[in-house]
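Q: This is the content of input03.pdb (PDB, C-alpha atoms, pLDDT in the B column):
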MODEL        1
ATOM      1  CA  MET Z   1      29.640 -16.436 -19.367  1.00 72.00           C
ATOM      2  CA  ASP Z   2      32.032 -13.527 -18.833  1.00 87.00           C
ATOM      3  CA  ALA Z   3      31.426 -10.596 -16.471  1.00 91.00           C
ATOM      4  CA  ALA Z   4      30.096  -8.320 -19.240  1.00 90.00           C
ATOM      5  CA  GLN Z   5      27.564 -10.962 -20.326  1.00 90.00           C
ATOM      6  CA  GLN Z   6      26.498 -11.543 -16.715  1.00 92.00           C
ATOM      7  CA  GLU Z   7      26.022  -7.801 -16.236  1.00 93.00           C
ATOM      8  CA  ALA Z   8      23.995  -7.521 -19.458  1.00 92.00           C
ATOM      9  CA  THR Z   9      21.809 -10.456 -18.408  1.00 92.00           C
ATOM     10  CA  ALA Z  10      21.246  -8.971 -14.936  1.00 92.00           C
ATOM     11  CA  ARG Z  11      20.327  -5.626 -16.521  1.00 92.00           C
ATOM     12  CA  ALA Z  12      17.907  -7.304 -18.948  1.00 91.00           C
ATOM     13  CA  ARG Z  13      16.227  -9.169 -16.091  1.00 91.00           C
ATOM     14  CA  GLU Z  14      15.885  -5.945 -14.095  1.00 89.00           C
ATOM     15  CA  LEU Z  15      14.303  -4.250 -17.110  1.00 89.00           C
ATOM     16  CA  GLN Z  16      11.927  -7.213 -17.434  1.00 89.00           C
ATOM     17  CA  ARG Z  17      11.028  -6.839 -13.759  1.00 85.00           C
ATOM     18  CA  ASN Z  18      10.225  -3.164 -14.368  1.00 83.00           C
ATOM     19  CA  TRP Z  19       8.227  -3.802 -17.559  1.00 84.00           C
ATOM     20  CA  TYR Z  20       6.456  -7.068 -16.735  1.00 83.00           C
ATOM     21  CA  GLY Z  21       6.530  -7.257 -12.934  1.00 82.00           C
ATOM     22  CA  GLU Z  22       9.096 -10.076 -12.857  1.00 86.00           C
ATOM     23  CA  PRO Z  23      11.837 -11.581 -15.045  1.00 90.00           C
ATOM     24  CA  LEU Z  24      10.319 -13.331 -18.055  1.00 93.00           C
ATOM     25  CA  GLY Z  25      12.168 -16.565 -17.272  1.00 93.00           C
ATOM     26  CA  ALA Z  26      10.239 -16.900 -13.993  1.00 91.00           C
ATOM     27  CA  LEU Z  27       6.952 -15.832 -15.579  1.00 91.00           C
ATOM     28  CA  PHE Z  28       7.278 -18.235 -18.514  1.00 95.00           C
ATOM     29  CA  ARG Z  29       8.381 -21.149 -16.289  1.00 93.00           C
ATOM     30  CA  ARG Z  30       5.314 -20.596 -14.116  1.00 91.00           C
ATOM     31  CA  LEU Z  31       3.044 -20.593 -17.197  1.00 92.00           C
ATOM     32  CA  ILE Z  32       4.708 -23.803 -18.416  1.00 93.00           C
ATOM     33  CA  ASP Z  33       4.132 -25.464 -15.035  1.00 90.00           C
ATOM     34  CA  ASP Z  34       0.630 -24.115 -14.407  1.00 88.00           C
ATOM     35  CA  LEU Z  35      -0.691 -24.885 -17.894  1.00 92.00           C
ATOM     36  CA  GLY Z  36       1.204 -28.153 -18.489  1.00 91.00           C
ATOM     37  CA  LEU Z  37       3.108 -26.822 -21.485  1.00 92.00           C
ATOM     38  CA  ASN Z  38       6.579 -27.264 -22.850  1.00 93.00           C
ATOM     39  CA  GLN Z  39       8.665 -24.376 -24.181  1.00 93.00           C
ATOM     40  CA  ALA Z  40       7.817 -25.154 -27.813  1.00 94.00           C
ATOM     41  CA  ARG Z  41       4.046 -25.086 -27.120  1.00 94.00           C
ATOM     42  CA  LEU Z  42       4.357 -21.868 -25.079  1.00 95.00           C
ATOM     43  CA  ALA Z  43       6.317 -20.226 -27.895  1.00 94.00           C
ATOM     44  CA  SER Z  44       3.685 -21.354 -30.392  1.00 94.00           C
ATOM     45  CA  VAL Z  45       0.759 -20.016 -28.332  1.00 94.00           C
ATOM     46  CA  LEU Z  46       2.532 -16.694 -27.780  1.00 95.00           C
ATOM     47  CA  GLY Z  47       3.509 -16.347 -31.430  1.00 92.00           C
ATOM     48  CA  LEU Z  48       7.240 -16.309 -30.735  1.00 93.00           C
ATOM     49  CA  SER Z  49       9.966 -18.441 -32.230  1.00 92.00           C
ATOM     50  CA  ALA Z  50      11.474 -20.984 -29.845  1.00 91.00           C
ATOM     51  CA  PRO Z  51      14.881 -19.209 -29.979  1.00 93.00           C
ATOM     52  CA  MET Z  52      13.246 -15.845 -29.137  1.00 93.00           C
ATOM     53  CA  LEU Z  53      11.413 -17.403 -26.160  1.00 94.00           C
ATOM     54  CA  SER Z  54      14.696 -18.891 -24.983  1.00 94.00           C
ATOM     55  CA  GLN Z  55      16.490 -15.544 -25.320  1.00 93.00           C
ATOM     56  CA  LEU Z  56      13.760 -13.772 -23.332  1.00 94.00           C
ATOM     57  CA  MET Z  57      13.817 -16.467 -20.626  1.00 94.00           C
ATOM     58  CA  SER Z  58      17.603 -16.399 -20.279  1.00 94.00           C
ATOM     59  CA  GLY Z  59      17.844 -12.599 -20.231  1.00 92.00           C
ATOM     60  CA  GLN Z  60      19.710 -12.383 -23.543  1.00 91.00           C
ATOM     61  CA  ARG Z  61      16.838 -10.174 -24.721  1.00 90.00           C
ATOM     62  CA  ALA Z  62      14.915  -7.855 -22.423  1.00 90.00           C
ATOM     63  CA  LYS Z  63      11.740  -6.786 -24.175  1.00 90.00           C
ATOM     64  CA  ILE Z  64       8.883  -8.409 -26.049  1.00 90.00           C
ATOM     65  CA  GLY Z  65       8.636  -6.210 -29.113  1.00 83.00           C
ATOM     66  CA  ASN Z  66       5.148  -7.192 -30.270  1.00 85.00           C
ATOM     67  CA  PRO Z  67       2.210  -5.790 -28.227  1.00 86.00           C
ATOM     68  CA  ALA Z  68      -0.004  -8.716 -29.340  1.00 86.00           C
ATOM     69  CA  VAL Z  69       2.497 -11.130 -27.730  1.00 90.00           C
ATOM     70  CA  VAL Z  70       2.400  -9.107 -24.493  1.00 88.00           C
ATOM     71  CA  GLN Z  71      -1.407  -9.352 -24.613  1.00 89.00           C
ATOM     72  CA  ARG Z  72      -1.180 -13.135 -25.101  1.00 92.00           C
ATOM     73  CA  VAL Z  73       1.149 -13.395 -22.078  1.00 91.00           C
ATOM     74  CA  GLN Z  74      -1.454 -11.563 -19.990  1.00 88.00           C
ATOM     75  CA  LEU Z  75      -4.250 -13.784 -21.292  1.00 90.00           C
ATOM     76  CA  LEU Z  76      -2.213 -16.890 -20.440  1.00 92.00           C
ATOM     77  CA  GLN Z  77      -1.565 -15.537 -16.926  1.00 89.00           C
ATOM     78  CA  ASP Z  78      -5.312 -15.054 -16.455  1.00 88.00           C
ATOM     79  CA  LEU Z  79      -5.968 -18.541 -17.802  1.00 91.00           C
ATOM     80  CA  ALA Z  80      -3.353 -20.079 -15.480  1.00 88.00           C
ATOM     81  CA  GLY Z  81      -5.116 -18.422 -12.530  1.00 85.00           C
ATOM     82  CA  GLN Z  82      -8.445 -19.857 -13.643  1.00 88.00           C
ATOM     83  CA  VAL Z  83      -6.944 -23.338 -13.967  1.00 86.00           C
ATOM     84  CA  ALA Z  84      -5.386 -22.969 -10.511  1.00 82.00           C
ATOM     85  CA  ASP Z  85      -8.676 -21.944  -8.887  1.00 81.00           C
ATOM     86  CA  GLY Z  86     -10.573 -24.727 -10.667  1.00 84.00           C
ATOM     87  CA  SER Z  87     -12.892 -22.477 -12.680  1.00 87.00           C
ATOM     88  CA  VAL Z  88     -11.401 -23.787 -15.956  1.00 87.00           C
ATOM     89  CA  SER Z  89     -10.684 -27.461 -16.671  1.00 88.00           C
ATOM     90  CA  ALA Z  90      -7.563 -28.709 -18.453  1.00 82.00           C
ATOM     91  CA  GLY Z  91      -9.631 -29.418 -21.580  1.00 84.00           C
ATOM     92  CA  GLU Z  92     -11.130 -25.925 -21.569  1.00 91.00           C
ATOM     93  CA  ALA Z  93      -7.665 -24.450 -20.993  1.00 90.00           C
ATOM     94  CA  SER Z  94      -6.347 -26.223 -24.085  1.00 90.00           C
ATOM     95  CA  ALA Z  95      -9.184 -24.805 -26.199  1.00 90.00           C
ATOM     96  CA  ARG Z  96      -8.640 -21.327 -24.763  1.00 92.00           C
ATOM     97  CA  MET Z  97      -4.918 -21.536 -25.544  1.00 93.00           C
ATOM     98  CA  ASP Z  98      -5.823 -22.215 -29.170  1.00 90.00           C
ATOM     99  CA  GLU Z  99      -8.029 -19.091 -29.113  1.00 90.00           C
ATOM    100  CA  ILE Z 100      -5.256 -17.052 -27.486  1.00 91.00           C
ATOM    101  CA  LYS Z 101      -2.799 -18.260 -30.125  1.00 90.00           C
ATOM    102  CA  LYS Z 102      -5.087 -16.919 -32.879  1.00 86.00           C
ATOM    103  CA  SER Z 103      -5.642 -13.554 -31.194  1.00 79.00           C
ATOM    104  CA  GLN Z 104      -4.114 -10.388 -32.537  1.00 71.00           C
ATOM    105  CA  GLY Z 105      -4.498  -8.537 -29.236  1.00 57.00           C
ATOM    106  CA  GLY Z 106      -7.608  -7.134 -27.602  1.00 49.00           C
ATOM    107  CA  SER Z 107     -10.280  -9.420 -26.216  1.00 44.00           C
ATOM    108  CA  VAL Z 108     -10.215 -13.071 -27.122  1.00 42.00           C
ATOM    109  CA  LEU Z 109     -13.709 -14.353 -27.827  1.00 37.00           C
ATOM    110  CA  SER Z 110     -14.722 -17.889 -27.098  1.00 37.00           C
ATOM    111  CA  GLN Z 111     -17.140 -19.832 -29.251  1.00 34.00           C
ATOM    112  CA  THR Z 112     -19.967 -18.526 -27.056  1.00 34.00           C
ATOM    113  CA  GLY Z 113     -18.970 -14.946 -27.829  1.00 36.00           C
ATOM    114  CA  GLN Z 114     -17.743 -14.289 -24.305  1.00 38.00           C
ATOM    115  CA  THR Z 115     -14.286 -13.038 -23.499  1.00 41.00           C
ATOM    116  CA  ALA Z 116     -11.686 -15.578 -22.426  1.00 41.00           C
ATOM    117  CA  THR Z 117     -12.488 -14.837 -18.782  1.00 40.00           C
ATOM    118  CA  GLY Z 118     -15.740 -16.701 -19.316  1.00 42.00           C
ATOM    119  CA  SER Z 119     -17.880 -14.014 -17.690  1.00 41.00           C
ATOM    120  CA  GLY Z 120     -18.340 -11.721 -20.664  1.00 43.00           C
ATOM    121  CA  ALA Z 121     -16.468  -8.962 -18.824  1.00 49.00           C
ATOM    122  CA  PRO Z 122     -12.748  -8.554 -18.226  1.00 61.00           C
ATOM    123  CA  THR Z 123     -11.480  -9.396 -14.754  1.00 74.00           C
ATOM    124  CA  VAL Z 124     -10.098  -6.661 -12.503  1.00 80.00           C
ATOM    125  CA  LYS Z 125      -6.678  -8.278 -12.804  1.00 79.00           C
ATOM    126  CA  ARG Z 126      -6.875  -8.159 -16.595  1.00 76.00           C
ATOM    127  CA  VAL Z 127      -7.902  -4.482 -16.589  1.00 82.00           C
ATOM    128  CA  VAL Z 128      -5.079  -3.674 -14.176  1.00 83.00           C
ATOM    129  CA  ARG Z 129      -2.537  -5.545 -16.302  1.00 80.00           C
ATOM    130  CA  GLU Z 130      -3.684  -3.676 -19.407  1.00 80.00           C
ATOM    131  CA  ILE Z 131      -3.181  -0.361 -17.604  1.00 86.00           C
ATOM    132  CA  GLN Z 132       0.246  -1.531 -16.388  1.00 82.00           C
ATOM    133  CA  SER Z 133       1.198  -2.719 -19.861  1.00 78.00           C
ATOM    134  CA  LEU Z 134       0.196   0.578 -21.431  1.00 80.00           C
ATOM    135  CA  LEU Z 135       2.118   2.660 -18.897  1.00 83.00           C
ATOM    136  CA  ARG Z 136       5.175   0.410 -19.130  1.00 78.00           C
ATOM    137  CA  SER Z 137       5.143   0.573 -22.920  1.00 75.00           C
ATOM    138  CA  VAL Z 138       5.417   4.370 -22.688  1.00 78.00           C
ATOM    139  CA  ALA Z 139       8.179   4.641 -20.084  1.00 81.00           C
ATOM    140  CA  ALA Z 140      10.420   2.584 -17.834  1.00 80.00           C
ATOM    141  CA  ALA Z 141       9.498   2.242 -14.155  1.00 81.00           C
ATOM    142  CA  GLY Z 142      12.238   4.655 -13.058  1.00 86.00           C
ATOM    143  CA  ASP Z 143      10.928   7.358 -15.391  1.00 88.00           C
ATOM    144  CA  ILE Z 144       7.372   6.785 -14.156  1.00 91.00           C
ATOM    145  CA  ILE Z 145       8.564   7.146 -10.534  1.00 92.00           C
ATOM    146  CA  ASP Z 146      10.375  10.384 -11.478  1.00 94.00           C
ATOM    147  CA  ALA Z 147       7.167  11.709 -13.075  1.00 95.00           C
ATOM    148  CA  ALA Z 148       5.184  10.690  -9.975  1.00 95.00           C
ATOM    149  CA  ASP Z 149       7.661  12.494  -7.731  1.00 96.00           C
ATOM    150  CA  THR Z 150       7.283  15.631  -9.856  1.00 96.00           C
ATOM    151  CA  LEU Z 151       3.471  15.454  -9.657  1.00 95.00           C
ATOM    152  CA  ALA Z 152       3.230  14.505  -5.961  1.00 96.00           C
ATOM    153  CA  PRO Z 153       3.236  18.025  -4.449  1.00 96.00           C
ATOM    154  CA  THR Z 154       0.334  19.278  -6.583  1.00 96.00           C
ATOM    155  CA  HIS Z 155      -1.431  16.088  -7.705  1.00 95.00           C
ATOM    156  CA  PRO Z 156      -0.860  13.380  -5.065  1.00 94.00           C
ATOM    157  CA  GLU Z 157      -3.628  11.044  -6.323  1.00 94.00           C
ATOM    158  CA  LEU Z 158      -2.241  11.057  -9.857  1.00 94.00           C
ATOM    159  CA  ALA Z 159       1.259  10.491  -8.494  1.00 95.00           C
ATOM    160  CA  GLU Z 160      -0.007   7.496  -6.515  1.00 94.00           C
ATOM    161  CA  PHE Z 161      -1.700   6.116  -9.640  1.00 94.00           C
ATOM    162  CA  LEU Z 162       1.549   6.355 -11.614  1.00 93.00           C
ATOM    163  CA  ARG Z 163       3.555   4.700  -8.849  1.00 93.00           C
ATOM    164  CA  VAL Z 164       1.092   1.860  -8.270  1.00 92.00           C
ATOM    165  CA  TYR Z 165       0.304   1.025 -11.907  1.00 90.00           C
ATOM    166  CA  GLY Z 166       3.560   2.112 -13.525  1.00 87.00           C
ATOM    167  CA  ALA Z 167       6.062   0.588 -11.145  1.00 86.00           C
ATOM    168  CA  GLY Z 168       4.163  -1.466  -8.561  1.00 85.00           C
ATOM    169  CA  ARG Z 169       3.219  -5.115  -8.401  1.00 84.00           C
ATOM    170  CA  THR Z 170      -0.011  -6.308  -9.983  1.00 82.00           C
ATOM    171  CA  ALA Z 171      -1.458  -7.266  -6.583  1.00 83.00           C
ATOM    172  CA  GLU Z 172      -0.936  -3.695  -5.307  1.00 88.00           C
ATOM    173  CA  ALA Z 173      -2.577  -2.276  -8.425  1.00 87.00           C
ATOM    174  CA  VAL Z 174      -5.554  -4.648  -8.096  1.00 85.00           C
ATOM    175  CA  ALA Z 175      -6.036  -3.530  -4.471  1.00 88.00           C
ATOM    176  CA  HIS Z 176      -5.809   0.138  -5.559  1.00 89.00           C
ATOM    177  CA  TYR Z 177      -8.292  -0.418  -8.390  1.00 88.00           C
ATOM    178  CA  GLU Z 178     -10.760  -2.203  -6.129  1.00 86.00           C
ATOM    179  CA  SER Z 179     -10.495   0.522  -3.461  1.00 88.00           C
ATOM    180  CA  HIS Z 180     -11.488   3.137  -6.071  1.00 83.00           C
ATOM    181  CA  GLN Z 181     -14.445   1.280  -7.586  1.00 73.00           C
ATOM    182  CA  ASN Z 182     -17.104   3.368  -5.866  1.00 59.00           C
TER
ENDMDL
END
Spell out the structure here as C-alpha coordinates.
A:
Amino acid sequence: MDAAQQEATARARELQRNWYGEPLGALFRRLIDDLGLNQARLASVLGLSAPMLSQLMSGQRAKIGNPAVVQRVQLLQDLAGQVADGSVSAGEASARMDEIKKSQGGSVLSQTGQTATGSGAPTVKRVVREIQSLLRSVAAAGDIIDAADTLAPTHPELAEFLRVYGAGRTAEAVAHYESHQN
(Lines of atoms letter the chains of each structure in order from A and count residues from 1; the text may use other names and numbers.)
(Lines give C-alpha, C1' and ligand atoms only; values in the text may rest on other atoms or scores of the structure.)
Protein backbone atom coordinates (compact mmCIF):
# COMPACT_ATOMS: atom_id res chain seq x y z
CA MET A 1 0.00 0.00 0.00
CA ASP A 2 1.49 3.35 -1.02
CA ALA A 3 1.42 6.52 1.11
CA ALA A 4 -1.66 7.93 -0.67
CA GLN A 5 -3.61 4.71 -0.06
CA GLN A 6 -2.53 4.65 3.59
CA GLU A 7 -3.65 8.26 4.00
CA ALA A 8 -7.01 7.53 2.34
CA THR A 9 -7.53 4.50 4.59
CA ALA A 10 -6.64 6.49 7.72
CA ARG A 11 -9.06 9.24 6.65
CA ALA A 12 -11.84 6.71 6.00
CA ARG A 13 -11.31 5.15 9.43
CA GLU A 14 -11.42 8.58 11.09
CA LEU A 15 -14.68 9.34 9.27
CA GLN A 16 -16.04 5.99 10.46
CA ARG A 17 -15.04 6.89 14.02
CA ASN A 18 -16.95 10.16 13.69
CA TRP A 19 -20.04 8.56 12.10
CA TYR A 20 -20.24 5.25 13.96
CA GLY A 21 -18.23 5.81 17.14
CA GLU A 22 -15.34 3.58 16.02
CA PRO A 23 -13.79 2.22 12.81
CA LEU A 24 -16.10 -0.33 11.20
CA GLY A 25 -13.34 -2.95 11.09
CA ALA A 26 -13.20 -3.00 14.90
CA LEU A 27 -16.99 -2.88 15.25
CA PHE A 28 -17.57 -5.71 12.76
CA ARG A 29 -14.79 -7.88 14.24
CA ARG A 30 -16.38 -7.50 17.67
CA LEU A 31 -19.80 -8.51 16.28
CA ILE A 32 -18.21 -11.53 14.58
CA ASP A 33 -16.56 -12.58 17.84
CA ASP A 34 -19.48 -11.81 20.15
CA LEU A 35 -22.12 -13.47 17.96
CA GLY A 36 -20.01 -16.38 16.67
CA LEU A 37 -20.29 -15.32 13.04
CA ASN A 38 -17.99 -15.37 10.07
CA GLN A 39 -17.68 -12.46 7.64
CA ALA A 40 -20.00 -14.06 5.08
CA ARG A 41 -22.79 -14.56 7.67
CA LEU A 42 -22.34 -11.01 9.01
CA ALA A 43 -22.56 -9.60 5.49
CA SER A 44 -25.69 -11.66 4.86
CA VAL A 45 -27.42 -10.51 8.07
CA LEU A 46 -26.54 -6.88 7.37
CA GLY A 47 -27.65 -7.06 3.74
CA LEU A 48 -24.23 -6.20 2.34
CA SER A 49 -22.18 -8.04 -0.23
CA ALA A 50 -19.08 -9.76 1.14
CA PRO A 51 -16.79 -7.44 -0.90
CA MET A 52 -18.59 -4.34 0.46
CA LEU A 53 -18.21 -5.61 4.05
CA SER A 54 -14.52 -6.21 3.39
CA GLN A 55 -14.07 -2.71 1.93
CA LEU A 56 -15.79 -1.13 4.94
CA MET A 57 -13.69 -3.20 7.37
CA SER A 58 -10.41 -2.36 5.64
CA GLY A 59 -11.16 1.35 5.30
CA GLN A 60 -11.34 1.27 1.50
CA ARG A 61 -14.87 2.64 1.89
CA ALA A 62 -15.91 4.96 4.70
CA LYS A 63 -19.68 5.07 4.85
CA ILE A 64 -22.56 2.61 4.90
CA GLY A 65 -24.87 4.10 2.30
CA ASN A 66 -28.08 2.29 3.25
CA PRO A 67 -29.84 3.49 6.44
CA ALA A 68 -31.47 0.04 6.88
CA VAL A 69 -27.98 -1.51 7.06
CA VAL A 70 -26.96 1.04 9.71
CA GLN A 71 -30.10 0.08 11.65
CA ARG A 72 -29.18 -3.62 11.37
CA VAL A 73 -25.67 -2.86 12.70
CA GLN A 74 -27.25 -1.17 15.72
CA LEU A 75 -29.63 -4.08 16.26
CA LEU A 76 -26.72 -6.53 16.10
CA GLN A 77 -24.77 -4.43 18.63
CA ASP A 78 -27.76 -4.57 20.99
CA LEU A 79 -28.07 -8.31 20.44
CA ALA A 80 -24.35 -8.86 21.10
CA GLY A 81 -24.76 -7.03 24.42
CA GLN A 82 -27.69 -9.24 25.35
CA VAL A 83 -25.72 -12.38 24.51
CA ALA A 84 -22.79 -11.07 26.57
CA ASP A 85 -24.96 -10.38 29.62
CA GLY A 86 -26.70 -13.75 29.32
CA SER A 87 -30.20 -12.40 28.71
CA VAL A 88 -30.28 -14.02 25.23
CA SER A 89 -29.09 -17.56 24.49
CA ALA A 90 -27.09 -18.53 21.41
CA GLY A 91 -30.18 -20.20 19.92
CA GLU A 92 -32.32 -17.11 20.50
CA ALA A 93 -29.55 -14.93 19.04
CA SER A 94 -29.55 -16.99 15.84
CA ALA A 95 -33.32 -16.56 15.48
CA ARG A 96 -33.05 -12.83 16.17
CA MET A 97 -30.31 -12.49 13.54
CA ASP A 98 -32.70 -14.01 11.01
CA GLU A 99 -35.30 -11.40 12.03
CA ILE A 100 -32.73 -8.61 11.79
CA LYS A 101 -31.71 -9.82 8.33
CA LYS A 102 -35.33 -9.48 7.14
CA SER A 103 -35.81 -6.02 8.64
CA GLN A 104 -36.04 -2.94 6.48
CA GLY A 105 -35.18 -0.60 9.35
CA GLY A 106 -37.29 0.50 12.29
CA SER A 107 -38.21 -1.94 15.04
CA VAL A 108 -37.67 -5.62 14.48
CA LEU A 109 -40.57 -7.63 15.83
CA SER A 110 -40.13 -11.09 17.22
CA GLN A 111 -42.70 -13.82 16.82
CA THR A 112 -44.28 -12.66 20.09
CA GLY A 113 -44.77 -9.18 18.67
CA GLN A 114 -42.16 -7.64 20.95
CA THR A 115 -39.22 -5.64 19.70
CA ALA A 116 -35.88 -7.40 19.39
CA THR A 117 -34.90 -6.14 22.84
CA GLY A 118 -37.38 -8.64 24.25
CA SER A 119 -39.02 -6.13 26.58
CA GLY A 120 -41.49 -4.58 24.17
CA ALA A 121 -39.73 -1.22 24.54
CA PRO A 122 -36.46 -0.02 23.03
CA THR A 123 -33.46 0.07 25.34
CA VAL A 124 -31.90 3.39 26.32
CA LYS A 125 -28.80 2.41 24.35
CA ARG A 126 -30.90 1.76 21.25
CA VAL A 127 -32.69 5.11 21.56
CA VAL A 128 -29.36 6.88 22.04
CA ARG A 129 -27.85 5.14 19.02
CA GLU A 130 -30.83 6.13 16.88
CA ILE A 131 -30.37 9.76 17.92
CA GLN A 132 -26.63 9.50 17.20
CA SER A 133 -27.28 7.87 13.84
CA LEU A 134 -29.74 10.56 12.83
CA LEU A 135 -27.42 13.41 13.81
CA ARG A 136 -24.43 11.76 12.13
CA SER A 137 -26.40 11.18 8.94
CA VAL A 138 -27.04 14.94 8.74
CA ALA A 139 -23.53 16.21 9.44
CA ALA A 140 -20.02 15.07 10.28
CA ALA A 141 -18.84 15.28 13.90
CA GLY A 142 -16.65 18.32 13.21
CA ASP A 143 -19.60 20.24 11.76
CA ILE A 144 -21.77 19.26 14.73
CA ILE A 145 -19.07 20.53 17.13
CA ASP A 146 -18.88 23.80 15.15
CA ALA A 147 -22.67 24.18 15.43
CA ALA A 148 -22.49 23.43 19.17
CA ASP A 149 -19.79 26.05 19.62
CA THR A 150 -21.98 28.60 17.82
CA LEU A 151 -24.98 27.76 20.04
CA ALA A 152 -23.08 27.51 23.34
CA PRO A 153 -23.23 31.20 24.38
CA THR A 154 -27.02 31.46 24.05
CA HIS A 155 -28.21 27.84 24.25
CA PRO A 156 -25.72 25.84 26.35
CA GLU A 157 -28.03 22.84 26.92
CA LEU A 158 -28.66 22.43 23.20
CA ALA A 159 -24.94 22.79 22.52
CA GLU A 160 -24.22 20.05 25.06
CA PHE A 161 -26.83 17.81 23.42
CA LEU A 162 -25.20 18.26 20.01
CA ARG A 163 -21.73 17.57 21.38
CA VAL A 164 -22.73 14.49 23.37
CA TYR A 165 -24.99 12.84 20.78
CA GLY A 166 -23.40 14.18 17.61
CA ALA A 167 -19.74 13.63 18.38
CA GLY A 168 -19.49 11.79 21.71
CA ARG A 169 -19.24 8.13 22.59
CA THR A 170 -22.39 6.08 23.05
CA ALA A 171 -21.64 5.54 26.75
CA GLU A 172 -21.49 9.33 27.32
CA ALA A 173 -24.77 9.79 25.47
CA VAL A 174 -26.45 7.02 27.49
CA ALA A 175 -25.32 8.70 30.73
CA HIS A 176 -26.63 12.07 29.45
CA TYR A 177 -29.95 10.53 28.42
CA GLU A 178 -30.40 8.79 31.76
CA SER A 179 -29.54 11.98 33.69
CA HIS A 180 -32.35 13.81 31.84
CA GLN A 181 -35.07 11.19 32.27
CA ASN A 182 -36.94 13.04 35.00
Q: What is the CA of Asp33 (chain Z)-CA of Trp19 (chain Z) distance in Å, reported with one decimal?
A: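 A separation of 22.2 Å between them.
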Q: Using CA of Met57 (chain Z) and CA of Leu24 (chain Z) as the two end points, give the distance in Å to one decimal.
A: 5.4 Å
Q: Taking all atoms listed in the file into account, which of Z:Val88, Z:Val164, Z:Ala93, Z:Leu79 comes nearest Arg126 (chain Z)?
A: Z:Leu79
Q: For Glu130 (chain Z), which residue out of Z:Leu27, Z:Leu151, Z:Val70, Z:Met97 is the nearest one, using all atoms listed in the file?
A: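 For Glu130 (chain Z), the nearest of the given residues is Z:Val70.
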Q: Quick check, in Å to one decimal: how far apart do CA of Val128 (chain Z) and CA of Ala141 (chain Z) lie?
A: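 Taking CA of Val128 (chain Z) as the start and CA of Ala141 (chain Z) as the end point, the length is 15.7 Å.
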Q: For region 174-179 of chain Z, list every protein, DNA or RNA residue within 9 Å, evaluated using only C-alpha atoms, and leave out those in the same chain fewer than 3 positions away; present the list as a VMD selection string.
A: chain Z and resid 124 to 125 127 to 129 161 164 to 165 169 to 171 182
Q: Could you give me, as a ChimeraX atom specification, the residues that have an atom at most 9 Å away from the point (5.4, -1.9, -15.0) in the coordinates of the file, using all atoms listed in the file?
A: /Z:16-21,129,132-137,139-141,144,164-170
